[in-house]
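Report on one structure; see the data block that follows.
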2 protein chains.
Amino acid sequence: MGRWEPNARGRLAKAALTLYAEQGFEQTTAAEIARSAGLTERTFFRHFADKREVLFYGSDSLLDLLVQAVADAPPAAGPVDAVSAALQAVGAMIQETPEPARLRYAVVSANQELRERELAKFGEFAATIAAALRDRGVPELAASLAAETGTAVYRVTFARWIAGQAQLDLPELLRESMAELRDVVADRLLSSPASWPPGR
Amino acid sequence: MGRWEPNARGRLAKAALTLYAEQGFEQTTAAEIARSAGLTERTFFRHFADKREVLFYGSDSLLDLLVQAVADAPPAAGPVDAVSAALQAVGAMIQETPEPARLRYAVVSANQELRERELAKFGEFAATIAAALRDRGVPELAASLAAETGTAVYRVTFARWIAGQAQLDLPELLRESMAELRDVVADRLLSSPASWPPGR
DNA sequence: AGGGCGATGTCTGCGGCTGTCATCAAATAG
DNA sequence: CTATTTGATGACAGCCGCAGACATCGCCCT
């Protein structure tokens, strides 16, 4: 056995999620988390840039999954299909262990700063997906739109999955949402007068 | 003349933008902004919840504009058209005074915390738009998807407008992006093998 | 056996942010 | 016209998030 217990990062992440869930994010100090994991506050901040980041431990691996799934899509697949497949891959992985996901979602939803950080993570996801699409030869604008739209669909759908007590299949829900989006976007300009919308 | 100079909030916002642009967000203290506006640090935090929020002074009025534009769309217009019109209205308003918008964008882009806050603001916009769509009778899922997708399109397009040195017409760019999104989403499933994407 | 290395602890300090109370001019009541 | 209330501000004290600097100490490599 080493000088220290192994997996300090993981212990901190676990302790943080527990404490945040028990007593709230704002009511929990970094020193408290560290103590709960048998470490000091200073060490906490060596492993995580700030008090929020500890809740997103492991999200990097999802980035790899996204990139891989986009790259693995058949060459003939359009950008939206590639993104859809990537999101379904993530959805399937999340669904494997729903309980931590639900707990994390509850904690994040309860706090403004955490919601902001989560949106930033989604922004990173979108940027990564867009880059992977460009690697497939998708033009810049189409790649950005497909990636941003895809993450937006994921957010909306994940919230619905949580609200449905997770009895539903997340990848299946994602496919349905993508289909709904296609219909909604295609429905535009139906029976609208020539003078509207404004502009040419 | 009153006991104090008028418009403390506006003075703080102006001083903050100037200082953030000159020396960076992190290098600027709240006390410095307050002093620059002839006030104290404590008063700064009475007017703005935190150091980031001061950069988003006035964004509430955009919310009103969005709600109004969605409500004013013709009854026959679909949700995506109503959202598109609302975004164009915002784009037109932003375009009226491009310089502050460009400066603000540069400051926000340069700092992670500020980018997070901006995403949170876009999230509020999306939630507000979705509510306005539901008031038009649009079903929950379609409203959320249209609103989130619309704000995503706005973000991508605004960045392109800025990058183009703003010689372009923002509402026009927004229309083009919406058209591109429609094409990209409609293109899905073209010539993809039956075994893909996974699932039914 | 010795020396570098990496993860941690300790100490110290700044800045963001808040609670609390005092102040004072302007609006309002009587 | 005076008394009172109100609302914005200042002054002061304090917690917590977070970071720099330095010491410690097992582990690994030679």
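A note on labels: chains of the structure tokens are A, B, ... as shown, every chain counts residues from 1, and ligands are counted from 1 in their shown order.
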Any idea what's packed within 10 Å of DA3 in chain D, counting only C-alpha atoms (C1' of nucleotides), ignoring anything in its chain fewer than 2 positions away? Could you give it as a ChimeraX atom specification? /C:29-30 /D:1,5
Got time to write the residues from that selection, N, CA and C atoms (P, O5', C5', C4', C3', O3' and C1' of nucleotides), as a short mmCIF file (atom, residue, chain, number, x, y, z; two decimals), in the first residue's frame?
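To be explicit, this is the file written out as selection.cif:
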```cif
data_model
loop_
_atom_site.label_atom_id
_atom_site.label_comp_id
_atom_site.auth_asym_id
_atom_site.auth_seq_id
_atom_site.Cartn_x
_atom_site.Cartn_y
_atom_site.Cartn_z
P DA C 29 -48.33 60.62 1.39
"O5'" DA C 29 -48.29 60.94 2.96
"C5'" DA C 29 -47.62 60.03 3.83
"C4'" DA C 29 -47.67 60.55 5.27
"C3'" DA C 29 -49.05 61.02 5.72
"O3'" DA C 29 -49.25 60.66 7.07
"C1'" DA C 29 -47.52 62.84 5.84
P DG C 30 -50.72 60.78 7.65
"O5'" DG C 30 -50.66 62.08 8.55
"C5'" DG C 30 -49.66 62.20 9.55
"C4'" DG C 30 -49.66 63.62 10.11
"C3'" DG C 30 -51.06 64.20 10.36
"O3'" DG C 30 -51.14 64.73 11.66
"C1'" DG C 30 -49.74 65.72 9.12
P DC D 1 -42.65 77.49 4.95
"O5'" DC D 1 -42.43 77.68 6.52
"C5'" DC D 1 -43.64 77.66 7.33
"C4'" DC D 1 -43.61 76.45 8.23
"C3'" DC D 1 -42.24 75.76 8.34
"O3'" DC D 1 -41.99 75.45 9.70
"C1'" DC D 1 -43.88 74.18 7.71
P DT D 5 -42.15 57.12 11.24
"O5'" DT D 5 -42.06 56.68 9.69
"C5'" DT D 5 -43.07 57.15 8.79
"C4'" DT D 5 -42.58 57.02 7.37
"C3'" DT D 5 -41.77 55.75 7.07
"O3'" DT D 5 -42.29 55.17 5.89
"C1'" DT D 5 -40.57 57.65 6.33
#
```
Using only C-alpha atoms (C1' of nucleotides), determine which residues lie at most 8 Å from range 152-162 of chain B, disregarding the query and same-chain residues fewer than 2 positions distant; provide the list as a PyMOL selection string. (chain A and resi 144-145+148-149+152) or (chain B and resi 87+102+148-150+164-170+173-174+177-178)
Can you write just those residues out, N, CA and C atoms, as a PDB file, in the first residue's frame?
```
ATOM      1  N   SER A 144     -21.087  23.398 -37.693  1.00  0.00           N
ATOM      2  CA  SER A 144     -21.447  24.115 -36.466  1.00  0.00           C
ATOM      3  C   SER A 144     -22.934  23.997 -36.176  1.00  0.00           C
ATOM      4  N   LEU A 145     -23.741  24.167 -37.209  1.00  0.00           N
ATOM      5  CA  LEU A 145     -25.193  24.105 -37.000  1.00  0.00           C
ATOM      6  C   LEU A 145     -25.614  22.703 -36.565  1.00  0.00           C
ATOM      7  N   GLU A 148     -24.296  22.155 -32.832  1.00  0.00           N
ATOM      8  CA  GLU A 148     -25.023  22.934 -31.824  1.00  0.00           C
ATOM      9  C   GLU A 148     -26.468  22.462 -31.709  1.00  0.00           C
ATOM     10  N   THR A 149     -27.063  22.198 -32.831  1.00  0.00           N
ATOM     11  CA  THR A 149     -28.446  21.722 -32.821  1.00  0.00           C
ATOM     12  C   THR A 149     -28.537  20.359 -32.139  1.00  0.00           C
ATOM     13  N   ALA A 152     -28.339  20.649 -28.459  1.00  0.00           N
ATOM     14  CA  ALA A 152     -29.590  21.231 -27.957  1.00  0.00           C
ATOM     15  C   ALA A 152     -30.661  20.148 -27.859  1.00  0.00           C
TER      16      ALA A 152
ATOM     17  N   LEU B  87     -35.633  36.233 -33.707  1.00  0.00           N
ATOM     18  CA  LEU B  87     -34.177  36.372 -33.746  1.00  0.00           C
ATOM     19  C   LEU B  87     -33.775  37.503 -34.694  1.00  0.00           C
ATOM     20  N   ARG B 102     -19.711  44.555 -30.466  1.00  0.00           N
ATOM     21  CA  ARG B 102     -18.434  43.942 -30.812  1.00  0.00           C
ATOM     22  C   ARG B 102     -17.471  43.968 -29.625  1.00  0.00           C
ATOM     23  N   GLU B 148     -34.628  26.165 -28.522  1.00  0.00           N
ATOM     24  CA  GLU B 148     -33.213  25.841 -28.308  1.00  0.00           C
ATOM     25  C   GLU B 148     -32.448  25.874 -29.626  1.00  0.00           C
ATOM     26  N   THR B 149     -33.049  25.327 -30.640  1.00  0.00           N
ATOM     27  CA  THR B 149     -32.396  25.324 -31.949  1.00  0.00           C
ATOM     28  C   THR B 149     -32.213  26.753 -32.458  1.00  0.00           C
ATOM     29  N   GLY B 150     -33.239  27.563 -32.261  1.00  0.00           N
ATOM     30  CA  GLY B 150     -33.150  28.946 -32.727  1.00  0.00           C
ATOM     31  C   GLY B 150     -32.023  29.707 -32.058  1.00  0.00           C
ATOM     32  N   GLY B 164     -16.993  38.535 -39.712  1.00  0.00           N
ATOM     33  CA  GLY B 164     -17.039  39.193 -41.005  1.00  0.00           C
ATOM     34  C   GLY B 164     -16.895  40.693 -40.924  1.00  0.00           C
ATOM     35  N   GLN B 165     -16.379  41.163 -39.801  1.00  0.00           N
ATOM     36  CA  GLN B 165     -16.203  42.607 -39.582  1.00  0.00           C
ATOM     37  C   GLN B 165     -17.510  43.385 -39.723  1.00  0.00           C
ATOM     38  N   ALA B 166     -18.612  42.660 -39.556  1.00  0.00           N
ATOM     39  CA  ALA B 166     -19.917  43.313 -39.473  1.00  0.00           C
ATOM     40  C   ALA B 166     -20.281  44.114 -40.717  1.00  0.00           C
ATOM     41  N   GLN B 167     -19.662  43.742 -41.830  1.00  0.00           N
ATOM     42  CA  GLN B 167     -20.088  44.433 -43.049  1.00  0.00           C
ATOM     43  C   GLN B 167     -21.401  43.848 -43.550  1.00  0.00           C
ATOM     44  N   LEU B 168     -21.761  42.702 -42.991  1.00  0.00           N
ATOM     45  CA  LEU B 168     -22.938  42.007 -43.474  1.00  0.00           C
ATOM     46  C   LEU B 168     -24.166  42.411 -42.678  1.00  0.00           C
ATOM     47  N   ASP B 169     -25.298  42.065 -43.202  1.00  0.00           N
ATOM     48  CA  ASP B 169     -26.562  42.363 -42.539  1.00  0.00           C
ATOM     49  C   ASP B 169     -26.934  41.187 -41.648  1.00  0.00           C
ATOM     50  N   LEU B 170     -27.019  41.429 -40.348  1.00  0.00           N
ATOM     51  CA  LEU B 170     -27.232  40.337 -39.398  1.00  0.00           C
ATOM     52  C   LEU B 170     -28.557  39.609 -39.612  1.00  0.00           C
ATOM     53  N   LEU B 173     -28.145  37.409 -42.536  1.00  0.00           N
ATOM     54  CA  LEU B 173     -27.326  36.244 -42.201  1.00  0.00           C
ATOM     55  C   LEU B 173     -28.139  35.205 -41.437  1.00  0.00           C
ATOM     56  N   LEU B 174     -29.001  35.691 -40.540  1.00  0.00           N
ATOM     57  CA  LEU B 174     -29.818  34.765 -39.752  1.00  0.00           C
ATOM     58  C   LEU B 174     -30.761  33.976 -40.654  1.00  0.00           C
ATOM     59  N   SER B 177     -28.744  31.337 -42.364  1.00  0.00           N
ATOM     60  CA  SER B 177     -28.399  30.221 -41.488  1.00  0.00           C
ATOM     61  C   SER B 177     -29.599  29.313 -41.253  1.00  0.00           C
ATOM     62  N   MET B 178     -30.759  29.909 -41.087  1.00  0.00           N
ATOM     63  CA  MET B 178     -31.958  29.094 -40.906  1.00  0.00           C
ATOM     64  C   MET B 178     -32.207  28.226 -42.131  1.00  0.00           C
TER      65      MET B 178
END
```
Could you give me, as JSON lines, every chain D residue with an atom at most 12 Å from chain B, plus its closest atom pair and distance in Å to one decimal, counting only C-alpha atoms (C1' of nucleotides), rows ordered by chain then number?
```
{"residue": "D:DG7", "atom": "C1'", "partner": "B:Arg3", "partner_atom": "CA", "distance": 11.9}
{"residue": "D:DA8", "atom": "C1'", "partner": "B:Trp4", "partner_atom": "CA", "distance": 8.6}
{"residue": "D:DT9", "atom": "C1'", "partner": "B:Thr43", "partner_atom": "CA", "distance": 6.9}
{"residue": "D:DG10", "atom": "C1'", "partner": "B:Thr40", "partner_atom": "CA", "distance": 7.4}
{"residue": "D:DA11", "atom": "C1'", "partner": "B:Arg42", "partner_atom": "CA", "distance": 9.5}
{"residue": "D:DC12", "atom": "C1'", "partner": "B:Arg42", "partner_atom": "CA", "distance": 10.9}
```
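Every residue of chain C that lies within 12 Å of chain A is listed here, counting only C-alpha atoms (C1' of nucleotides): C:DG6, C:DA7, C:DT8, C:DG9, C:DT10, C:DC11.
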Writer output for current selection, N, CA and C atoms (P, O5', C5', C4', C3', O3' and C1' of nucleotides), as a tab-separated table (two decimals), in the first residue's frame:
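Result file is selection_6.tsv:
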```
chain	number	residue	atom	x	y	z
C	6	DG	P	7.87	14.18	-11.86
C	6	DG	O5'	6.58	13.70	-11.06
C	6	DG	C5'	6.46	12.32	-10.70
C	6	DG	C4'	5.47	12.19	-9.57
C	6	DG	C3'	4.32	13.21	-9.62
C	6	DG	O3'	3.13	12.55	-9.22
C	6	DG	C1'	5.48	13.46	-7.59
C	7	DA	P	1.71	13.24	-9.49
C	7	DA	O5'	1.04	13.17	-8.05
C	7	DA	C5'	0.97	11.93	-7.38
C	7	DA	C4'	0.76	12.16	-5.90
C	7	DA	C3'	-0.39	13.12	-5.58
C	7	DA	O3'	-1.21	12.54	-4.58
C	7	DA	C1'	1.60	13.84	-4.53
C	8	DT	P	-2.56	13.29	-4.13
C	8	DT	O5'	-2.09	14.06	-2.81
C	8	DT	C5'	-1.73	13.30	-1.67
C	8	DT	C4'	-1.03	14.18	-0.66
C	8	DT	C3'	-1.88	15.29	-0.04
C	8	DT	O3'	-2.34	14.87	1.24
C	8	DT	C1'	0.39	15.94	-0.42
C	9	DG	P	-3.23	15.89	2.10
C	9	DG	O5'	-2.15	16.74	2.91
C	9	DG	C5'	-1.25	16.07	3.78
C	9	DG	C4'	-0.41	17.08	4.56
C	9	DG	C3'	-1.22	18.18	5.28
C	9	DG	O3'	-0.66	18.40	6.57
C	9	DG	C1'	0.33	19.17	3.79
C	10	DT	P	-1.38	19.37	7.63
C	10	DT	O5'	-0.60	20.76	7.50
C	10	DT	C5'	0.82	20.76	7.45
C	10	DT	C4'	1.34	22.18	7.39
C	10	DT	C3'	0.43	23.26	8.01
C	10	DT	O3'	1.22	24.09	8.84
C	10	DT	C1'	1.01	23.87	5.80
C	11	DC	P	0.52	25.23	9.78
C	11	DC	O5'	0.90	26.56	8.99
C	11	DC	C5'	2.18	26.65	8.39
C	11	DC	C4'	2.27	27.91	7.55
C	11	DC	C3'	1.40	29.08	8.04
C	11	DC	O3'	2.19	30.25	8.07
C	11	DC	C1'	0.96	28.66	5.76
```
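Going from CA of Ala16 in chain B to CA of Ala89 in chain B covers 27.1 Å.
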Test item: chain A residues at most 7 Å from chain B, counting only C-alpha atoms, as a VMD selection string: chain A and resid 76 to 78 80 to 81 85 116 to 117 119 to 120 142 144 to 145 148 to 149 152 to 153 156 181 to 182 184 to 189 191 to 192 197
Can you list, as an MDAnalysis selection string, all residues belonging to range 25-150 of chain A that DSSP tags as alpha helix (DSSP H)? chainID A and resid 30:36 41:47 59:72 79:96 98:109 112:135 140:150
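Between CA of Ala13 in chain A and C1' of DA23 in chain D there is a distance of 27.3 Å.
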